[in-house]
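One file, my_file29.pdb, is given below (PDB, C-alpha atoms).
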ATOM      1  CA  MET B   1      56.593  28.440  19.646  1.00  0.00           C
ATOM      2  CA  LYS B   2      54.740  30.245  22.423  1.00  0.00           C
ATOM      3  CA  LYS B   3      57.097  28.826  25.055  1.00  0.00           C
ATOM      4  CA  ALA B   4      60.144  29.876  23.041  1.00  0.00           C
ATOM      5  CA  ILE B   5      58.856  33.450  22.826  1.00  0.00           C
ATOM      6  CA  ILE B   6      58.081  33.540  26.556  1.00  0.00           C
ATOM      7  CA  TYR B   7      61.538  32.230  27.448  1.00  0.00           C
ATOM      8  CA  THR B   8      63.157  34.847  25.210  1.00  0.00           C
ATOM      9  CA  LEU B   9      61.105  37.659  26.740  1.00  0.00           C
ATOM     10  CA  VAL B  10      61.966  36.512  30.263  1.00  0.00           C
ATOM     11  CA  PHE B  11      65.662  36.482  29.377  1.00  0.00           C
ATOM     12  CA  VAL B  12      65.476  39.977  27.868  1.00  0.00           C
ATOM     13  CA  ALA B  13      63.423  41.311  30.794  1.00  0.00           C
ATOM     14  CA  VAL B  14      65.942  40.107  33.366  1.00  0.00           C
ATOM     15  CA  GLN B  15      68.829  41.576  31.359  1.00  0.00           C
ATOM     16  CA  ALA B  16      67.011  44.922  31.152  1.00  0.00           C
ATOM     17  CA  LEU B  17      65.728  45.085  34.734  1.00  0.00           C
ATOM     18  CA  MET B  18      68.828  43.981  36.631  1.00  0.00           C
ATOM     19  CA  PRO B  19      70.873  47.188  36.082  1.00  0.00           C
ATOM     20  CA  TRP B  20      67.859  49.235  37.208  1.00  0.00           C
ATOM     21  CA  LEU B  21      67.362  47.068  40.312  1.00  0.00           C
ATOM     22  CA  ILE B  22      71.027  47.334  41.232  1.00  0.00           C
ATOM     23  CA  GLY B  23      70.946  51.108  40.710  1.00  0.00           C
ATOM     24  CA  SER B  24      67.830  51.416  42.881  1.00  0.00           C
ATOM     25  CA  PHE B  25      69.436  49.323  45.627  1.00  0.00           C
ATOM     26  CA  ARG B  26      72.534  51.518  45.579  1.00  0.00           C
ATOM     27  CA  GLN B  27      70.343  54.612  45.944  1.00  0.00           C
ATOM     28  CA  LEU B  28      68.535  53.055  48.924  1.00  0.00           C
ATOM     29  CA  MET B  29      71.927  52.434  50.496  1.00  0.00           C
ATOM     30  CA  GLY B  30      72.886  56.061  49.901  1.00  0.00           C
ATOM     31  CA  LEU B  31      75.397  55.187  47.182  1.00  0.00           C
ATOM     32  CA  PRO B  32      75.602  56.813  43.743  1.00  0.00           C
ATOM     33  CA  ALA B  33      73.632  54.826  41.127  1.00  0.00           C
ATOM     34  CA  ASP B  34      76.612  54.505  38.781  1.00  0.00           C
ATOM     35  CA  GLN B  35      75.748  52.267  35.827  1.00  0.00           C
ATOM     36  CA  THR B  36      78.538  53.294  33.475  1.00  0.00           C
ATOM     37  CA  SER B  37      81.699  51.988  35.158  1.00  0.00           C
ATOM     38  CA  ALA B  38      83.202  48.623  34.243  1.00  0.00           C
ATOM     39  CA  THR B  39      82.530  47.273  37.728  1.00  0.00           C
ATOM     40  CA  SER B  40      78.855  48.261  37.600  1.00  0.00           C
ATOM     41  CA  ILE B  41      78.364  46.713  34.154  1.00  0.00           C
ATOM     42  CA  ILE B  42      80.116  43.482  35.178  1.00  0.00           C
ATOM     43  CA  VAL B  43      78.070  43.258  38.392  1.00  0.00           C
ATOM     44  CA  ALA B  44      74.872  43.774  36.398  1.00  0.00           C
ATOM     45  CA  MET B  45      75.882  41.121  33.823  1.00  0.00           C
ATOM     46  CA  THR B  46      76.844  38.636  36.520  1.00  0.00           C
ATOM     47  CA  SER B  47      73.672  39.252  38.517  1.00  0.00           C
ATOM     48  CA  SER B  48      71.541  38.898  35.374  1.00  0.00           C
ATOM     49  CA  SER B  49      73.159  35.580  34.471  1.00  0.00           C
ATOM     50  CA  VAL B  50      72.713  34.200  37.984  1.00  0.00           C
ATOM     51  CA  ALA B  51      69.079  35.365  38.099  1.00  0.00           C
ATOM     52  CA  VAL B  52      68.332  33.819  34.701  1.00  0.00           C
ATOM     53  CA  LEU B  53      69.948  30.514  35.694  1.00  0.00           C
ATOM     54  CA  ALA B  54      67.968  30.454  38.940  1.00  0.00           C
ATOM     55  CA  LEU B  55      64.664  31.160  37.158  1.00  0.00           C
ATOM     56  CA  PHE B  56      65.100  28.633  34.370  1.00  0.00           C
ATOM     57  CA  LEU B  57      66.266  25.902  36.733  1.00  0.00           C
ATOM     58  CA  TYR B  58      63.664  26.588  39.422  1.00  0.00           C
ATOM     59  CA  PHE B  59      60.738  26.502  36.986  1.00  0.00           C
ATOM     60  CA  ARG B  60      62.357  23.644  35.041  1.00  0.00           C
ATOM     61  CA  TRP B  61      62.146  25.542  31.774  1.00  0.00           C
ATOM     62  CA  ALA B  62      65.538  23.972  31.098  1.00  0.00           C
ATOM     63  CA  GLU B  63      66.464  20.557  32.413  1.00  0.00           C
ATOM     64  CA  VAL B  64      69.917  19.687  33.671  1.00  0.00           C
ATOM     65  CA  SER B  65      71.090  16.092  33.563  1.00  0.00           C
ATOM     66  CA  ARG B  66      74.429  14.398  34.124  1.00  0.00           C
ATOM     67  CA  SER B  67      73.617  11.544  31.763  1.00  0.00           C
ATOM     68  CA  TYR B  68      75.565  13.024  28.845  1.00  0.00           C
ATOM     69  CA  VAL B  69      78.674  13.685  30.950  1.00  0.00           C
ATOM     70  CA  ARG B  70      78.413  10.169  32.359  1.00  0.00           C
ATOM     71  CA  SER B  71      78.811   8.857  28.820  1.00  0.00           C
ATOM     72  CA  ARG B  72      82.366  10.270  28.929  1.00  0.00           C
ATOM     73  CA  PRO B  73      82.230  12.246  25.687  1.00  0.00           C
ATOM     74  CA  TRP B  74      85.749  13.616  26.116  1.00  0.00           C
ATOM     75  CA  ALA B  75      86.741  13.185  22.468  1.00  0.00           C
ATOM     76  CA  THR B  76      83.586  14.985  21.345  1.00  0.00           C
ATOM     77  CA  LEU B  77      84.242  17.881  23.718  1.00  0.00           C
ATOM     78  CA  PHE B  78      87.822  18.044  22.434  1.00  0.00           C
ATOM     79  CA  TRP B  79      86.544  18.446  18.862  1.00  0.00           C
ATOM     80  CA  CYS B  80      84.077  21.101  20.046  1.00  0.00           C
ATOM     81  CA  ALA B  81      86.942  23.088  21.547  1.00  0.00           C
ATOM     82  CA  LEU B  82      89.073  22.606  18.431  1.00  0.00           C
ATOM     83  CA  ALA B  83      86.197  23.704  16.181  1.00  0.00           C
ATOM     84  CA  ALA B  84      85.839  26.907  18.217  1.00  0.00           C
ATOM     85  CA  MET B  85      89.566  27.603  17.790  1.00  0.00           C
ATOM     86  CA  GLY B  86      89.425  26.958  14.071  1.00  0.00           C
ATOM     87  CA  ALA B  87      86.420  29.225  13.539  1.00  0.00           C
ATOM     88  CA  ILE B  88      87.899  32.434  14.984  1.00  0.00           C
ATOM     89  CA  ILE B  89      90.014  33.633  12.023  1.00  0.00           C
ATOM     90  CA  PRO B  90      87.612  32.574   9.214  1.00  0.00           C
ATOM     91  CA  SER B  91      84.759  34.272  11.068  1.00  0.00           C
ATOM     92  CA  GLN B  92      86.749  37.481  11.425  1.00  0.00           C
ATOM     93  CA  PHE B  93      87.768  37.304   7.756  1.00  0.00           C
ATOM     94  CA  VAL B  94      84.153  36.959   6.603  1.00  0.00           C
ATOM     95  CA  GLN B  95      83.079  39.781   8.892  1.00  0.00           C
ATOM     96  CA  GLU B  96      85.729  42.073   7.403  1.00  0.00           C
ATOM     97  CA  GLN B  97      84.356  41.398   3.904  1.00  0.00           C
ATOM     98  CA  MET B  98      80.862  42.484   4.947  1.00  0.00           C
ATOM     99  CA  PRO B  99      79.641  46.100   5.114  1.00  0.00           C
ATOM    100  CA  ALA B 100      80.478  47.663   8.474  1.00  0.00           C
ATOM    101  CA  LEU B 101      77.593  47.381  10.931  1.00  0.00           C
ATOM    102  CA  PRO B 102      77.019  49.707  13.900  1.00  0.00           C
ATOM    103  CA  ASN B 103      78.799  48.592  17.054  1.00  0.00           C
ATOM    104  CA  ILE B 104      76.539  50.245  19.612  1.00  0.00           C
ATOM    105  CA  VAL B 105      78.045  48.575  22.678  1.00  0.00           C
ATOM    106  CA  GLU B 106      81.703  48.950  21.722  1.00  0.00           C
ATOM    107  CA  GLU B 107      82.520  51.227  24.647  1.00  0.00           C
ATOM    108  CA  GLU B 108      80.828  48.953  27.189  1.00  0.00           C
ATOM    109  CA  PHE B 109      82.557  45.842  25.842  1.00  0.00           C
ATOM    110  CA  ASP B 110      85.870  47.645  25.852  1.00  0.00           C
ATOM    111  CA  MET B 111      85.486  48.319  29.582  1.00  0.00           C
ATOM    112  CA  ILE B 112      84.324  44.769  30.333  1.00  0.00           C
ATOM    113  CA  LEU B 113      87.057  42.996  28.391  1.00  0.00           C
ATOM    114  CA  ARG B 114      89.800  45.201  29.825  1.00  0.00           C
ATOM    115  CA  ASP B 115      88.719  44.342  33.379  1.00  0.00           C
ATOM    116  CA  ARG B 116      90.054  41.093  34.856  1.00  0.00           C
ATOM    117  CA  TRP B 117      86.608  40.331  36.309  1.00  0.00           C
ATOM    118  CA  GLY B 118      85.121  40.726  32.852  1.00  0.00           C
ATOM    119  CA  TYR B 119      86.267  37.208  32.001  1.00  0.00           C
ATOM    120  CA  PHE B 120      84.107  35.794  34.787  1.00  0.00           C
ATOM    121  CA  ALA B 121      81.013  37.420  33.255  1.00  0.00           C
ATOM    122  CA  VAL B 122      81.821  36.964  29.558  1.00  0.00           C
ATOM    123  CA  GLY B 123      84.003  33.862  29.507  1.00  0.00           C
ATOM    124  CA  LEU B 124      82.412  31.707  32.203  1.00  0.00           C
ATOM    125  CA  LEU B 125      78.878  32.730  33.165  1.00  0.00           C
ATOM    126  CA  ALA B 126      77.659  33.878  29.738  1.00  0.00           C
ATOM    127  CA  PRO B 127      78.322  30.521  27.980  1.00  0.00           C
ATOM    128  CA  ILE B 128      76.536  28.555  30.710  1.00  0.00           C
ATOM    129  CA  CYS B 129      73.596  30.952  30.959  1.00  0.00           C
ATOM    130  CA  GLU B 130      73.061  31.453  27.227  1.00  0.00           C
ATOM    131  CA  GLU B 131      73.365  27.755  26.375  1.00  0.00           C
ATOM    132  CA  LEU B 132      70.925  26.791  29.099  1.00  0.00           C
ATOM    133  CA  VAL B 133      68.406  29.374  27.859  1.00  0.00           C
ATOM    134  CA  PHE B 134      68.791  29.356  24.070  1.00  0.00           C
ATOM    135  CA  ARG B 135      69.521  25.696  23.548  1.00  0.00           C
ATOM    136  CA  GLY B 136      68.314  23.995  26.732  1.00  0.00           C
ATOM    137  CA  ALA B 137      64.997  25.875  26.890  1.00  0.00           C
ATOM    138  CA  ILE B 138      64.213  27.802  23.695  1.00  0.00           C
ATOM    139  CA  LEU B 139      65.523  25.298  21.141  1.00  0.00           C
ATOM    140  CA  ARG B 140      64.100  22.384  23.118  1.00  0.00           C
ATOM    141  CA  ALA B 141      60.670  24.058  22.994  1.00  0.00           C
ATOM    142  CA  LEU B 142      61.029  24.750  19.256  1.00  0.00           C
ATOM    143  CA  LEU B 143      61.999  21.138  18.549  1.00  0.00           C
ATOM    144  CA  GLN B 144      58.803  20.056  20.316  1.00  0.00           C
ATOM    145  CA  TRP B 145      56.837  22.576  18.248  1.00  0.00           C
ATOM    146  CA  THR B 146      58.086  21.458  14.822  1.00  0.00           C
ATOM    147  CA  SER B 147      59.533  18.255  13.360  1.00  0.00           C
ATOM    148  CA  ARG B 148      61.730  20.321  11.018  1.00  0.00           C
ATOM    149  CA  HIS B 149      64.782  20.506  13.200  1.00  0.00           C
ATOM    150  CA  TRP B 150      66.706  22.939  10.991  1.00  0.00           C
ATOM    151  CA  SER B 151      63.774  25.369  11.132  1.00  0.00           C
ATOM    152  CA  ALA B 152      63.858  25.174  14.934  1.00  0.00           C
ATOM    153  CA  ILE B 153      67.651  25.601  14.967  1.00  0.00           C
ATOM    154  CA  ALA B 154      67.467  28.609  12.610  1.00  0.00           C
ATOM    155  CA  ILE B 155      64.778  30.331  14.709  1.00  0.00           C
ATOM    156  CA  SER B 156      66.752  29.791  17.917  1.00  0.00           C
ATOM    157  CA  ALA B 157      69.910  31.110  16.193  1.00  0.00           C
ATOM    158  CA  LEU B 158      68.029  34.204  15.015  1.00  0.00           C
ATOM    159  CA  LEU B 159      66.734  34.878  18.533  1.00  0.00           C
ATOM    160  CA  PHE B 160      70.256  34.329  19.869  1.00  0.00           C
ATOM    161  CA  ALA B 161      71.614  36.905  17.418  1.00  0.00           C
ATOM    162  CA  LEU B 162      68.890  39.456  18.140  1.00  0.00           C
ATOM    163  CA  ILE B 163      69.282  39.400  21.929  1.00  0.00           C
ATOM    164  CA  HIS B 164      72.828  40.691  21.570  1.00  0.00           C
ATOM    165  CA  PHE B 165      71.202  44.035  20.608  1.00  0.00           C
ATOM    166  CA  ASN B 166      74.321  44.921  18.646  1.00  0.00           C
ATOM    167  CA  PRO B 167      74.265  44.779  14.826  1.00  0.00           C
ATOM    168  CA  ALA B 168      78.044  44.261  14.652  1.00  0.00           C
ATOM    169  CA  GLN B 169      77.761  41.003  16.621  1.00  0.00           C
ATOM    170  CA  MET B 170      74.594  39.625  15.033  1.00  0.00           C
ATOM    171  CA  PRO B 171      75.984  37.895  11.894  1.00  0.00           C
ATOM    172  CA  HIS B 172      78.621  36.004  13.893  1.00  0.00           C
ATOM    173  CA  ALA B 173      76.116  35.182  16.659  1.00  0.00           C
ATOM    174  CA  PHE B 174      73.644  33.808  14.117  1.00  0.00           C
ATOM    175  CA  VAL B 175      76.191  31.497  12.473  1.00  0.00           C
ATOM    176  CA  VAL B 176      77.508  30.319  15.831  1.00  0.00           C
ATOM    177  CA  GLY B 177      73.900  29.856  16.973  1.00  0.00           C
ATOM    178  CA  LEU B 178      73.314  27.472  14.066  1.00  0.00           C
ATOM    179  CA  LEU B 179      76.309  25.366  15.063  1.00  0.00           C
ATOM    180  CA  LEU B 180      75.393  25.406  18.746  1.00  0.00           C
ATOM    181  CA  GLY B 181      71.824  24.447  17.901  1.00  0.00           C
ATOM    182  CA  TRP B 182      73.068  21.550  15.788  1.00  0.00           C
ATOM    183  CA  LEU B 183      75.240  20.363  18.683  1.00  0.00           C
ATOM    184  CA  TYR B 184      72.231  20.408  20.988  1.00  0.00           C
ATOM    185  CA  TYR B 185      69.969  18.661  18.485  1.00  0.00           C
ATOM    186  CA  ARG B 186      72.472  15.841  17.992  1.00  0.00           C
ATOM    187  CA  THR B 187      73.153  15.295  21.722  1.00  0.00           C
ATOM    188  CA  ASP B 188      70.129  16.558  23.701  1.00  0.00           C
ATOM    189  CA  SER B 189      72.700  18.215  25.951  1.00  0.00           C
ATOM    190  CA  VAL B 190      73.988  21.766  26.404  1.00  0.00           C
ATOM    191  CA  VAL B 191      77.440  20.514  27.447  1.00  0.00           C
ATOM    192  CA  PRO B 192      79.026  20.495  23.931  1.00  0.00           C
ATOM    193  CA  GLY B 193      77.607  23.966  23.299  1.00  0.00           C
ATOM    194  CA  VAL B 194      78.933  25.273  26.614  1.00  0.00           C
ATOM    195  CA  VAL B 195      82.416  24.004  25.744  1.00  0.00           C
ATOM    196  CA  TYR B 196      82.330  25.579  22.273  1.00  0.00           C
ATOM    197  CA  HIS B 197      80.860  28.835  23.634  1.00  0.00           C
ATOM    198  CA  TRP B 198      83.402  28.972  26.471  1.00  0.00           C
ATOM    199  CA  VAL B 199      86.378  28.474  24.132  1.00  0.00           C
ATOM    200  CA  ASN B 200      85.008  31.044  21.671  1.00  0.00           C
ATOM    201  CA  ASN B 201      84.488  33.694  24.351  1.00  0.00           C
ATOM    202  CA  SER B 202      87.785  32.903  26.079  1.00  0.00           C
ATOM    203  CA  ILE B 203      89.767  33.333  22.860  1.00  0.00           C
ATOM    204  CA  ALA B 204      87.934  36.593  22.150  1.00  0.00           C
ATOM    205  CA  TYR B 205      88.835  37.826  25.644  1.00  0.00           C
ATOM    206  CA  VAL B 206      92.512  36.887  25.286  1.00  0.00           C
ATOM    207  CA  ILE B 207      92.831  38.370  21.790  1.00  0.00           C
ATOM    208  CA  TYR B 208      91.181  41.613  22.876  1.00  0.00           C
ATOM    209  CA  ASN B 209      93.651  42.024  25.726  1.00  0.00           C
ATOM    210  CA  LEU B 210      96.637  41.181  23.538  1.00  0.00           C
ATOM    211  CA  TYR B 211      95.465  43.448  20.711  1.00  0.00           C
ATOM    212  CA  PRO B 212      93.036  45.935  22.315  1.00  0.00           C
ATOM    213  CA  ASP B 213      92.508  48.076  19.203  1.00  0.00           C
ATOM    214  CA  PRO B 214      88.931  47.248  18.104  1.00  0.00           C
ATOM    215  CA  GLN B 215      89.689  48.600  14.614  1.00  0.00           C
ATOM    216  CA  MET B 216      92.542  46.150  14.043  1.00  0.00           C
ATOM    217  CA  LYS B 217      92.084  43.890  11.025  1.00  0.00           C
ATOM    218  CA  LEU B 218      93.666  40.586  10.137  1.00  0.00           C
ATOM    219  CA  VAL B 219      96.112  42.215   7.738  1.00  0.00           C
ATOM    220  CA  ASP B 220      97.357  44.402  10.597  1.00  0.00           C
ATOM    221  CA  LEU B 221      97.977  41.279  12.637  1.00  0.00           C
ATOM    222  CA  PHE B 222      99.550  39.080   9.939  1.00  0.00           C
ATOM    223  CA  GLY B 223     101.257  41.766   7.854  1.00  0.00           C
ATOM    224  CA  THR B 224     100.162  40.880   4.315  1.00  0.00           C
ATOM    225  CA  GLN B 225      97.037  39.635   2.548  1.00  0.00           C
ATOM    226  CA  ARG B 226      98.934  36.510   1.566  1.00  0.00           C
ATOM    227  CA  SER B 227      99.613  35.762   5.228  1.00  0.00           C
ATOM    228  CA  VAL B 228      95.951  36.391   6.022  1.00  0.00           C
ATOM    229  CA  ALA B 229      94.926  33.889   3.333  1.00  0.00           C
ATOM    230  CA  ALA B 230      97.368  31.353   4.775  1.00  0.00           C
ATOM    231  CA  ALA B 231      95.974  31.893   8.284  1.00  0.00           C
ATOM    232  CA  VAL B 232      92.400  31.436   7.044  1.00  0.00           C
ATOM    233  CA  LEU B 233      93.374  28.270   5.160  1.00  0.00           C
ATOM    234  CA  PHE B 234      95.224  26.874   8.180  1.00  0.00           C
ATOM    235  CA  SER B 235      92.196  27.583  10.379  1.00  0.00           C
ATOM    236  CA  LEU B 236      89.897  25.832   7.916  1.00  0.00           C
ATOM    237  CA  PHE B 237      92.167  22.780   8.117  1.00  0.00           C
ATOM    238  CA  ILE B 238      91.281  22.787  11.819  1.00  0.00           C
ATOM    239  CA  LEU B 239      87.605  23.752  11.563  1.00  0.00           C
ATOM    240  CA  VAL B 240      86.439  21.453   8.748  1.00  0.00           C
ATOM    241  CA  PRO B 241      87.926  18.196  10.169  1.00  0.00           C
ATOM    242  CA  SER B 242      86.542  19.167  13.584  1.00  0.00           C
ATOM    243  CA  ILE B 243      83.011  19.557  12.207  1.00  0.00           C
ATOM    244  CA  TYR B 244      83.420  16.288  10.310  1.00  0.00           C
ATOM    245  CA  GLN B 245      84.544  14.467  13.444  1.00  0.00           C
ATOM    246  CA  LEU B 246      81.615  15.905  15.381  1.00  0.00           C
ATOM    247  CA  SER B 247      79.179  14.764  12.691  1.00  0.00           C
ATOM    248  CA  LEU B 248      80.574  11.242  13.080  1.00  0.00           C
ATOM    249  CA  ARG B 249      80.649  11.166  16.859  1.00  0.00           C
ATOM    250  CA  LEU B 250      77.414  12.875  17.851  1.00  0.00           C
ATOM    251  CA  ARG B 251      74.423  10.626  18.083  1.00  0.00           C
ATOM    252  CA  LYS B 252      71.313  11.819  16.306  1.00  0.00           C
ATOM    253  CA  ALA B 253      68.502  12.929  18.575  1.00  0.00           C
ATOM    254  CA  HIS B 254      65.259  10.957  18.386  1.00  0.00           C
TER     255      HIS B 254
END
Rewrite the coordinates I just gave you, this time as structure tokens.
Amino acid sequence: MKKAIIYTLVFVAVQALMPWLIGSFRQLMGLPADQTSATSIIVAMTSSSVAVLALFLYFRWAEVSRSYVRSRPWATLFWCALAAMGAIIPSQFVQEQMPALPNIVEEEFDMILRDRWGYFAVGLLAPICEELVFRGAILRALLQWTSRHWSAIAISALLFALIHFNPAQMPHAFVVGLLLGWLYYRTDSVVPGVVYHWVNNSIAYVIYNLYPDPQMKLVDLFGTQRSVAAAVLFSLFILVPSIYQLSLRLRKAH
């Protein structure tokens, strides 16, 4: 448990310090310490992810191995991607039924997702960095701490939700964290989680740029509540078989 807390604090510290370090460097170079533009936020996010990856790999807090990829789990990765696609609409539907939570980083995310370089930070680096930290390091430490794997998965999912520092994102992040933790537990690899996370973030990026109104609801997209229900049902016909296939294909960790 102690290791999991330390890893979480290191992750948070790097995320908090990097914008300040970049701002200080810009001041030393005689440049304005702008931390509010899309470019500055994306640079800070990218730098934070790279720094976190370097730290966790250098100190071997998270181990990287090619053994899982060498097993050629292409069908499993396909079902991971399909599960991520099938979860988007049901997740949004459930979120719309919940009381509205404060979205304290809405403006920042709007700038990031509207910028073409935002995909590099959110769609590519974030899945790799967060899976390596929260599943490859934190969950691995928790699984060594307790034999109750679902307790370890739930704690790692809670930490994953909390580090988003945005109440509006936390419920979705927690549920996704449970699934990602389960994928790691069953495979001892972050690769399935990276694929799921990448597809999830990529779809979110594409949808945001196609329909940039953050207040848009499913009924605005599909026209009627009946169409929304049909879309949710269709998505569940993708999500549920995908989870079932994954449960069959993933070996249980020992």
Which one is closest to B:Ile41: B:Ile243, B:Val105, B:Leu57, B:Ala13? Count only C-alpha atoms.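 Looking only at the distances to B:Ile41, the closest residue turns out to be B:Val105.
Of the residues under consideration (B:Ile88, B:Ala126, B:Cys80, B:Ile138), B:Ile138 shows the shortest atom-to-atom contact distance to B:Val10 when counting only C-alpha atoms.
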| task | Around the point (94.9, 34.1, 7.2) in the file's coordinates, collect all residues with an atom within 12 Å, using only C-alpha atoms, and return them as an MDAnalysis selection string. | result | chainID B and resid 86:94 217:237
Quick one: residues within 7 Å of stretch 42-47 of chain B, all atoms listed in the file, excluding same-chain residues fewer than 4 positions away - as a PyMOL selection string? chain B and resi 18-19+38+51+112+118+121
Residues of stretch 114-146 of chain B that have any atom at most 12 Å from an atom of stretch 196-202 of chain B: could you tabulate them with the shortest-distance atom pair and the distance in Å to one decimal, using only C-alpha atoms, ordered by chain and increasing number, as JSON lines?
{"residue": "B:Gly118", "atom": "CA", "partner": "B:Ser202", "partner_atom": "CA", "distance": 10.7}
{"residue": "B:Tyr119", "atom": "CA", "partner": "B:Ser202", "partner_atom": "CA", "distance": 7.5}
{"residue": "B:Phe120", "atom": "CA", "partner": "B:Ser202", "partner_atom": "CA", "distance": 9.9}
{"residue": "B:Ala121", "atom": "CA", "partner": "B:Asn201", "partner_atom": "CA", "distance": 10.3}
{"residue": "B:Val122", "atom": "CA", "partner": "B:Asn201", "partner_atom": "CA", "distance": 6.7}
{"residue": "B:Gly123", "atom": "CA", "partner": "B:Asn201", "partner_atom": "CA", "distance": 5.2}
{"residue": "B:Leu124", "atom": "CA", "partner": "B:Trp198", "partner_atom": "CA", "distance": 6.4}
{"residue": "B:Leu125", "atom": "CA", "partner": "B:Trp198", "partner_atom": "CA", "distance": 8.9}
{"residue": "B:Ala126", "atom": "CA", "partner": "B:Trp198", "partner_atom": "CA", "distance": 8.2}
{"residue": "B:Pro127", "atom": "CA", "partner": "B:His197", "partner_atom": "CA", "distance": 5.3}
{"residue": "B:Ile128", "atom": "CA", "partner": "B:Trp198", "partner_atom": "CA", "distance": 8.1}
{"residue": "B:Cys129", "atom": "CA", "partner": "B:His197", "partner_atom": "CA", "distance": 10.5}
{"residue": "B:Glu130", "atom": "CA", "partner": "B:His197", "partner_atom": "CA", "distance": 9.0}
{"residue": "B:Glu131", "atom": "CA", "partner": "B:His197", "partner_atom": "CA", "distance": 8.1}
{"residue": "B:Leu132", "atom": "CA", "partner": "B:His197", "partner_atom": "CA", "distance": 11.5}
{"residue": "B:Arg135", "atom": "CA", "partner": "B:His197", "partner_atom": "CA", "distance": 11.8}
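Nearest residue to B:Ile104, choosing from B:Ile238, B:Ala168, B:Val194, B:Val206 and counting all atoms listed in the file: B:Ala168.
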What would stretch 134-154 of chain B look like if you wrote it out as a PDB file, in the first residue's frame, with C-alpha atoms included, from the block I just posted?
ATOM      1  CA  PHE B 134      -1.877   3.168 -12.475  1.00  0.00           C
ATOM      2  CA  ARG B 135      -1.882  -0.415 -13.644  1.00  0.00           C
ATOM      3  CA  GLY B 136       1.783  -1.256 -14.234  1.00  0.00           C
ATOM      4  CA  ALA B 137       3.020   0.299 -10.976  1.00  0.00           C
ATOM      5  CA  ILE B 138       0.197   1.181  -8.569  1.00  0.00           C
ATOM      6  CA  LEU B 139      -2.076  -1.814  -9.179  1.00  0.00           C
ATOM      7  CA  ARG B 140       0.898  -4.171  -9.321  1.00  0.00           C
ATOM      8  CA  ALA B 141       1.987  -2.902  -5.887  1.00  0.00           C
ATOM      9  CA  LEU B 142      -1.560  -3.254  -4.519  1.00  0.00           C
ATOM     10  CA  LEU B 143      -1.845  -6.821  -5.815  1.00  0.00           C
ATOM     11  CA  GLN B 144       1.361  -7.639  -3.927  1.00  0.00           C
ATOM     12  CA  TRP B 145      -0.076  -5.977  -0.819  1.00  0.00           C
ATOM     13  CA  THR B 146      -3.372  -7.895  -0.733  1.00  0.00           C
ATOM     14  CA  SER B 147      -4.613 -11.241  -2.058  1.00  0.00           C
ATOM     15  CA  ARG B 148      -8.073  -9.731  -2.622  1.00  0.00           C
ATOM     16  CA  HIS B 149      -7.602  -8.679  -6.198  1.00  0.00           C
ATOM     17  CA  TRP B 150     -10.903  -6.805  -6.501  1.00  0.00           C
ATOM     18  CA  SER B 151      -9.970  -4.694  -3.468  1.00  0.00           C
ATOM     19  CA  ALA B 152      -6.673  -3.811  -5.156  1.00  0.00           C
ATOM     20  CA  ILE B 153      -8.450  -3.065  -8.451  1.00  0.00           C
ATOM     21  CA  ALA B 154     -11.048  -0.864  -6.706  1.00  0.00           C
TER      22      ALA B 154
END
